[in-house]
Amino acid sequence: GPDPREAAFQATVDSEGKIEPKDWMPEAYRKTLIRQISQHAHSEIIGMQPEGNWIGRAPTLRRKVALVAKVQDEAGHGLYLYSAAETLGASRDDMVDALIDGRAKYSTIFNYPTLTWADIGTIGWLVDGAAIINQVALCRTSYGPYARAMVRICKEESFHQRQGYEILVDLCQGTAEQKRMAQESLNRWWWPALMMFGPSDDNSPNSAQSMAWKIKRLSNDELRQRFVDQSVPQAEYLGLTIPDPDLKWNAERGHYDFGEVPWDEFMEVLKGNGPCNRQRMEARRKARDDGAWVREAALAHAAKRAARAEK
Ligand code: ACO
């Protein structure tokens with residue numbers, strides 16, 4: 001008959017309780033969480049690259065300090081999320097190997113280049129804005145360590161979002177050339193930002209089960225709609241035009257209607273054929289190889305200390 005532990009697990013989930021590391025859980029629940037949390041961690045780590053690209057070229061000391069802090073926060077989020085995945089029995093070495101070997105997914109958004117300083121503003125505004133919408137919902141996810149990690153991460157993401165939006169406010173109140181730079185950046189990032197929420201609901205293989213387990217609390221399309229509704233007035237304040245001719249307020253629905261996301265492009269980037277996929281993976285592998293001597297030295301040092309302590 002049905003496993004009584006499974007019924008108890010589902011009852012906890014249904015009553016908004018949290019599942020904790022030592023609680024019984026279905027193997028598929030564990031696997032799904034490890035998949036999602038490790039992909040999320042990889043995204044944070046790969047996400048350091050497009051912005052790291054501008055640290056040496058930030059226009060003022062203040063902008064540089066903020067950008068350095070932000071990129072460092074992303075490293076912290078990645079490590080925090082790997083730890084959350086470890087509470088499910090995943091090994092960090094396996095997760096990192098999967099990324100390095102190209103077996104693991106990470107967010108498509110980080111395979112686009114940062115061509116101008118305005119891109120640093122746009123990433124904060126749209127990419128971190130989208131991440132917050134997704135992660136605020138995940139603060140109520142059913143797995144305790146993941147939910148708690150999201151609370152802290154959302155606070156830091158809010159700062160990231162503001163530092164980006166502030167860059168764009170300055171550019172849009174600046175010269176005509178600065179404003180054009182901001183518009184050109186928005187044109188390139190808008191659709192990739194909408195892709196961050198994943199495929200449409202009728203094309204999302206994991207959604208039904210993840211919603212039933214309350215790993216996901218809102219669907220991909222619901223979150224995408226929230227993001228569009230939030231972004232339109234922000235673009236209006238900046239005086240920028242969202243590059244979607246089908247975007248318009250729908251009074252009946254109380255939401256903005258918007259055009260079809262270019263899903264062919266999404267699939268290509270997902271398959272590894274985005275503008276920067278190869279470059280991102282190469283940089284990751286090089287960082288790992290360059291750091292090998294540090295890990296070896298730390299292990300040798302620990303072994304020596306242990307040997308000395310035994311004497
Ligand atoms: N980029 C890369 N892969 C994606 C993306 C995307 N934008 N959207 C969906 N996918 C992948 C899914 O991970 C899934 O892969 P898999 O089944 O091969 O492992 C596949 O496409 C099908 O999608 P879904 O069935 O919709 O997958 P899922 O239920 O996991 O939903 C979502 C995808 C919404 C991204 C979910 O995993 C999630 O909320 N993750 C946590 C947030 C996150 O990872 N954010 C990273 C970017 S934000 C940041 O780091 C600052």
# chains A, B, ... in the order shown; residues from 1 in each chain; ligands from 1

call {"tool": "residues_near_ligand", "arguments": {"ligand": "ligand 1", "cutoff": "8 Å", "atoms": "only C-alpha atoms and all ligand atoms", "output": "NGL selection string"}}
result
:A and (32 or 35-37 or 39-44 or 47 or 74 or 104-109 or 127-128 or 130-132 or 134-135 or 138 or 157 or 195-201 or 203-207 or 210 or 216 or 219-220 or 266 or 270)

call {"tool": "closest_residue", "arguments": {"among": "A:Leu115, A:Ala303, A:Met281, A:Met211", "to": "Glu184 in chain A", "atoms": "only C-alpha atoms"}}
result
A:Leu115

call {"tool": "select_by_dssp", "arguments": {"residues": "range 24-255 of chain A", "states": "strand (DSSP E or B)", "output": "VMD selection string"}}
result
chain A and resid 143 248 to 250 255

call {"tool": "residues_around", "arguments": {"residues": "range 60-69 of chain A", "least_positions_apart": "6", "cutoff": "12 Å", "atoms": "only C-alpha atoms", "output": "ChimeraX atom specification"}}
result
/A:48-54,75-76,117,120-121,123-124,156-157,159-164,166-167,170

call {"tool": "closest_residue", "arguments": {"among": "A:Ala149, A:Val232, A:Val269, A:Leu88", "to": "Ala28 in chain A", "atoms": "only C-alpha atoms"}}
result
A:Leu88

call {"tool": "residues_around", "arguments": {"residues": "Asp257 in chain A", "least_positions_apart": "6", "cutoff": "7 Å", "atoms": "only C-alpha atoms", "output": "list in words"}}
result
Leu247, Lys248, Trp249 and Asn250 of chain A

call {"tool": "atom_distance", "arguments": {"atom1": "CA of Ala137 in chain A", "atom2": "CA of Phe227 in chain A"}}
result
12.4 Å

call {"tool": "closest_residue", "arguments": {"among": "A:Ile133, A:Arg217, A:Ser91, A:Gln209", "to": "Gln230 in chain A", "atoms": "only C-alpha atoms"}}
result
A:Ile133

call {"tool": "closest_residue", "arguments": {"among": "A:Ala85, A:Ile153, A:Ala182, A:Leu126", "to": "Ser231 in chain A", "atoms": "only C-alpha atoms"}}
result
A:Leu126

call {"tool": "atom_distance", "arguments": {"atom1": "CA of Pro245 in chain A", "atom2": "CA of Ala176 in chain A"}}
result
23.2 Å

call {"tool": "select_by_dssp", "arguments": {"residues": "range 43-273 of chain A", "states": "helix (DSSP H, G or I)", "output": "number ranges by chain"}}
result
A: 43-46, 48-52, 55-57, 61-86, 92-100, 108-111, 118-138, 144-172, 176-195, 201-203, 207-212, 220-238, 263-273

call {"tool": "closest_residue", "arguments": {"among": "A:Gly259, A:Leu238, A:Asp221, A:Ser142", "to": "Ser15 in chain A", "atoms": "only C-alpha atoms"}}
result
A:Ser142
